[in-house]
Amino acid sequence: MPETGKGEGGMGIRLALEQARRAAALEEVPVGAVVMCGEEVVAEAHNETVALRNPTFHAEFVAIQRALEALETDRLTDCTLYVTLEPCAQCAGAIVLAKVGTLVFGAYDETAGMCGSVGDIVRHPRLNHRVEVIGGVEAETCGELMREFFAMRRG
């Protein structure tokens, strides 16, 4: 697993947490994502799988799409993606394809995480782009949000 970044992420992970809380309020799995280039917020998103009835509309995927549109480009090499949960295979693939420069995530996902836990797509040596990864930023806060959400759903 990657090194845990305690002091990394600052504003980006806080904004991603705000997005995750919005998702929870909408009864979406509480995952939030933010794309920043330097200090500029380029895109924000949260899971929209329930609202759009589409399992591919994960926070990271939506944030990447919005950032590419906002910057009118096909790559995010100089950007950082902040997300509250370790990305899955779909989102890790999108991160590589969009050539995101840095990924900062909160909680590790031991069941589906593909950025160090179950697998590591974003740093696979055979791919043409490898992402710098900082995992475990605000992991307890991000993980607690998920635990609370699923505890409420289970009743």
# chains A, B, ... in the order shown; residues from 1 in each chain; ligands from 1

call {"tool": "residues_around", "arguments": {"residues": "stretch 93-108 of chain A", "least_positions_apart": "4", "cutoff": "7 Å", "atoms": "only C-alpha atoms", "output": "short mmCIF file (atom, residue, chain, number, x, y, z; two decimals) with C-alpha atoms, in the first residue's frame"}}
result
data_model
loop_
_atom_site.label_atom_id
_atom_site.label_comp_id
_atom_site.auth_asym_id
_atom_site.auth_seq_id
_atom_site.Cartn_x
_atom_site.Cartn_y
_atom_site.Cartn_z
CA GLY A 9 -4.55 17.16 0.82
CA PHE A 61 -15.53 9.65 -12.99
CA ASP A 74 -8.00 15.44 -22.81
CA ARG A 75 -5.43 15.14 -20.02
CA LEU A 76 -5.07 16.31 -16.44
CA THR A 77 -1.32 15.88 -16.05
CA ASP A 78 -0.89 19.06 -13.99
CA CYS A 79 -3.92 18.38 -11.79
CA THR A 80 -4.60 16.59 -8.53
CA LEU A 81 -7.70 14.48 -7.97
CA TYR A 82 -8.88 14.36 -4.37
CA VAL A 83 -11.38 11.64 -3.47
CA THR A 84 -12.74 10.40 -0.16
CA LEU A 85 -12.48 6.69 -1.00
CA GLU A 86 -9.81 4.71 -2.83
CA ALA A 89 -11.18 -0.37 -11.20
CA GLY A 113 -9.80 -0.39 -4.13
CA SER A 117 -5.51 -2.28 -1.76
CA ILE A 121 -4.03 0.03 -11.75
CA VAL A 122 -2.85 3.63 -11.44
CA HIS A 129 0.99 6.63 -17.44
CA ARG A 130 1.57 6.17 -13.75
CA VAL A 131 -0.04 8.39 -11.16
CA GLU A 132 1.55 9.74 -8.01
CA VAL A 133 -0.62 8.41 -5.15
CA ILE A 134 -1.06 9.66 -1.61
CA GLY A 135 -3.49 7.47 0.30
CA GLY A 136 -4.96 7.59 3.76
CA VAL A 137 -5.48 11.37 3.96
CA GLU A 138 -8.20 12.05 6.54
CA ALA A 139 -8.84 8.30 6.32
CA GLU A 140 -10.66 8.10 9.64
CA CYS A 142 -13.71 9.56 5.28
CA GLY A 143 -14.16 6.02 6.58
#

call {"tool": "residues_around", "arguments": {"residues": "A:Ala43", "least_positions_apart": "6", "cutoff": "10 Å", "atoms": "only C-alpha atoms", "output": "mmCIF file with all heavy atoms, in the first residue's frame"}}
result
data_model
loop_
_atom_site.group_PDB
_atom_site.id
_atom_site.type_symbol
_atom_site.label_atom_id
_atom_site.label_comp_id
_atom_site.auth_asym_id
_atom_site.auth_seq_id
_atom_site.Cartn_x
_atom_site.Cartn_y
_atom_site.Cartn_z
ATOM 1 N N ALA A 33 -15.441 13.908 -4.823
ATOM 2 C CA ALA A 33 -14.184 14.096 -5.545
ATOM 3 C C ALA A 33 -14.044 15.545 -5.992
ATOM 4 O O ALA A 33 -15.041 16.203 -6.307
ATOM 5 C CB ALA A 33 -14.126 13.166 -6.752
ATOM 6 N N VAL A 34 -12.802 16.001 -6.033
ATOM 7 C CA VAL A 34 -12.478 17.357 -6.467
ATOM 8 C C VAL A 34 -11.213 17.290 -7.313
ATOM 9 O O VAL A 34 -10.260 16.589 -6.951
ATOM 10 C CB VAL A 34 -12.236 18.279 -5.246
ATOM 11 C CG1 VAL A 34 -11.747 19.651 -5.675
ATOM 12 C CG2 VAL A 34 -13.502 18.407 -4.411
ATOM 13 N N VAL A 35 -11.217 18.014 -8.433
ATOM 14 C CA VAL A 35 -10.012 18.148 -9.253
ATOM 15 C C VAL A 35 -9.496 19.571 -9.069
ATOM 16 O O VAL A 35 -10.259 20.533 -9.226
ATOM 17 C CB VAL A 35 -10.292 17.878 -10.748
ATOM 18 C CG1 VAL A 35 -9.028 18.120 -11.579
ATOM 19 C CG2 VAL A 35 -10.797 16.459 -10.955
ATOM 20 N N MET A 36 -8.218 19.666 -8.716
ATOM 21 C CA MET A 36 -7.582 20.974 -8.562
ATOM 22 C C MET A 36 -6.337 21.047 -9.426
ATOM 23 O O MET A 36 -5.611 20.056 -9.554
ATOM 24 C CB MET A 36 -7.205 21.220 -7.097
ATOM 25 C CG MET A 36 -8.411 21.337 -6.180
ATOM 26 S SD MET A 36 -7.969 21.661 -4.452
ATOM 27 C CE MET A 36 -7.349 23.342 -4.581
ATOM 28 N N CYS A 37 -6.112 22.216 -9.992
ATOM 29 C CA CYS A 37 -4.862 22.513 -10.684
ATOM 30 C C CYS A 37 -4.219 23.623 -9.879
ATOM 31 O O CYS A 37 -4.728 24.755 -9.866
ATOM 32 C CB CYS A 37 -5.104 22.935 -12.128
ATOM 33 S SG CYS A 37 -5.682 21.580 -13.148
ATOM 34 N N VAL A 62 -17.169 11.412 -12.640
ATOM 35 C CA VAL A 62 -17.885 12.649 -12.957
ATOM 36 C C VAL A 62 -16.945 13.850 -12.827
ATOM 37 O O VAL A 62 -16.940 14.745 -13.687
ATOM 38 C CB VAL A 62 -19.128 12.811 -12.059
ATOM 39 C CG1 VAL A 62 -19.815 14.154 -12.299
ATOM 40 C CG2 VAL A 62 -20.101 11.655 -12.277
ATOM 41 N N ALA A 63 -16.134 13.885 -11.772
ATOM 42 C CA ALA A 63 -15.204 15.007 -11.579
ATOM 43 C C ALA A 63 -14.190 15.084 -12.721
ATOM 44 O O ALA A 63 -13.878 16.179 -13.207
ATOM 45 C CB ALA A 63 -14.487 14.873 -10.236
ATOM 46 N N ILE A 64 -13.688 13.946 -13.157
ATOM 47 C CA ILE A 64 -12.736 13.928 -14.277
ATOM 48 C C ILE A 64 -13.407 14.463 -15.537
ATOM 49 O O ILE A 64 -12.834 15.303 -16.240
ATOM 50 C CB ILE A 64 -12.173 12.507 -14.495
ATOM 51 C CG1 ILE A 64 -11.204 12.154 -13.372
ATOM 52 C CG2 ILE A 64 -11.491 12.390 -15.860
ATOM 53 C CD1 ILE A 64 -10.791 10.693 -13.339
ATOM 54 N N GLN A 65 -14.620 14.007 -15.824
ATOM 55 C CA GLN A 65 -15.339 14.495 -17.012
ATOM 56 C C GLN A 65 -15.519 16.006 -16.957
ATOM 57 O O GLN A 65 -15.273 16.705 -17.942
ATOM 58 C CB GLN A 65 -16.715 13.829 -17.120
ATOM 59 C CG GLN A 65 -16.666 12.400 -17.567
ATOM 60 C CD GLN A 65 -18.067 11.813 -17.703
ATOM 61 O OE1 GLN A 65 -18.939 12.058 -16.882
ATOM 62 N NE2 GLN A 65 -18.270 11.040 -18.752
ATOM 63 N N ARG A 66 -15.935 16.513 -15.811
ATOM 64 C CA ARG A 66 -16.165 17.958 -15.656
ATOM 65 C C ARG A 66 -14.868 18.743 -15.795
ATOM 66 O O ARG A 66 -14.854 19.821 -16.391
ATOM 67 C CB ARG A 66 -16.837 18.238 -14.316
ATOM 68 C CG ARG A 66 -18.265 17.768 -14.273
ATOM 69 C CD ARG A 66 -18.907 18.017 -12.934
ATOM 70 N NE ARG A 66 -20.279 17.513 -12.944
ATOM 71 C CZ ARG A 66 -21.002 17.328 -11.857
ATOM 72 N NH1 ARG A 66 -20.515 17.609 -10.660
ATOM 73 N NH2 ARG A 66 -22.235 16.858 -11.970
ATOM 74 N N ALA A 67 -13.789 18.211 -15.238
ATOM 75 C CA ALA A 67 -12.500 18.900 -15.326
ATOM 76 C C ALA A 67 -11.996 18.956 -16.765
ATOM 77 O O ALA A 67 -11.505 19.996 -17.219
ATOM 78 C CB ALA A 67 -11.471 18.212 -14.431
ATOM 79 N N LEU A 68 -12.117 17.845 -17.482
ATOM 80 C CA LEU A 68 -11.686 17.816 -18.883
ATOM 81 C C LEU A 68 -12.473 18.841 -19.704
ATOM 82 O O LEU A 68 -11.905 19.560 -20.532
ATOM 83 C CB LEU A 68 -11.846 16.413 -19.471
ATOM 84 C CG LEU A 68 -10.926 15.347 -18.897
ATOM 85 C CD1 LEU A 68 -11.369 13.963 -19.352
ATOM 86 C CD2 LEU A 68 -9.468 15.603 -19.259
ATOM 87 N N GLU A 69 -13.776 18.923 -19.451
ATOM 88 C CA GLU A 69 -14.609 19.898 -20.154
ATOM 89 C C GLU A 69 -14.218 21.322 -19.784
ATOM 90 O O GLU A 69 -14.078 22.182 -20.650
ATOM 91 C CB GLU A 69 -16.089 19.664 -19.832
ATOM 92 C CG GLU A 69 -16.658 18.417 -20.468
ATOM 93 C CD GLU A 69 -18.074 18.110 -19.994
ATOM 94 O OE1 GLU A 69 -18.740 18.998 -19.404
ATOM 95 O OE2 GLU A 69 -18.510 16.962 -20.224
ATOM 96 N N ALA A 70 -14.043 21.587 -18.490
ATOM 97 C CA ALA A 70 -13.716 22.936 -18.025
ATOM 98 C C ALA A 70 -12.382 23.423 -18.580
ATOM 99 O O ALA A 70 -12.228 24.597 -18.929
ATOM 100 C CB ALA A 70 -13.695 22.972 -16.497
ATOM 101 N N LEU A 71 -11.420 22.511 -18.650
ATOM 102 C CA LEU A 71 -10.079 22.877 -19.132
ATOM 103 C C LEU A 71 -9.934 22.723 -20.642
ATOM 104 O O LEU A 71 -8.882 23.054 -21.198
ATOM 105 C CB LEU A 71 -9.023 22.036 -18.412
ATOM 106 C CG LEU A 71 -8.928 22.268 -16.899
ATOM 107 C CD1 LEU A 71 -7.995 21.253 -16.261
ATOM 108 C CD2 LEU A 71 -8.479 23.697 -16.601
ATOM 109 N N LEU A 81 -6.350 14.965 -8.262
ATOM 110 C CA LEU A 81 -7.701 14.484 -7.974
ATOM 111 C C LEU A 81 -7.740 14.086 -6.503
ATOM 112 O O LEU A 81 -6.930 13.270 -6.053
ATOM 113 C CB LEU A 81 -8.036 13.271 -8.850
ATOM 114 C CG LEU A 81 -9.334 12.532 -8.525
ATOM 115 C CD1 LEU A 81 -10.552 13.426 -8.739
ATOM 116 C CD2 LEU A 81 -9.440 11.258 -9.350
#

call {"tool": "atom_distance", "arguments": {"atom1": "atom CA of A:Glu18", "atom2": "atom CA of A:Ala151"}}
result
19.6 Å

call {"tool": "select_by_dssp", "arguments": {"residues": "chain A", "states": "alpha helix (DSSP H)", "output": "NGL selection string"}}
result
:A and (10-25 or 59-71 or 89-97 or 139-154)

call {"tool": "closest_residue", "arguments": {"among": "A:Val50, A:Ala45, A:Ala16, A:Cys88", "to": "A:Val29", "atoms": "only C-alpha atoms"}}
result
A:Val50

call {"tool": "select_by_dssp", "arguments": {"residues": "chain A", "states": "strand (DSSP E)", "output": "ChimeraX atom specification"}}
result
/A:32-37,40-46,80-85,102-107,132-134
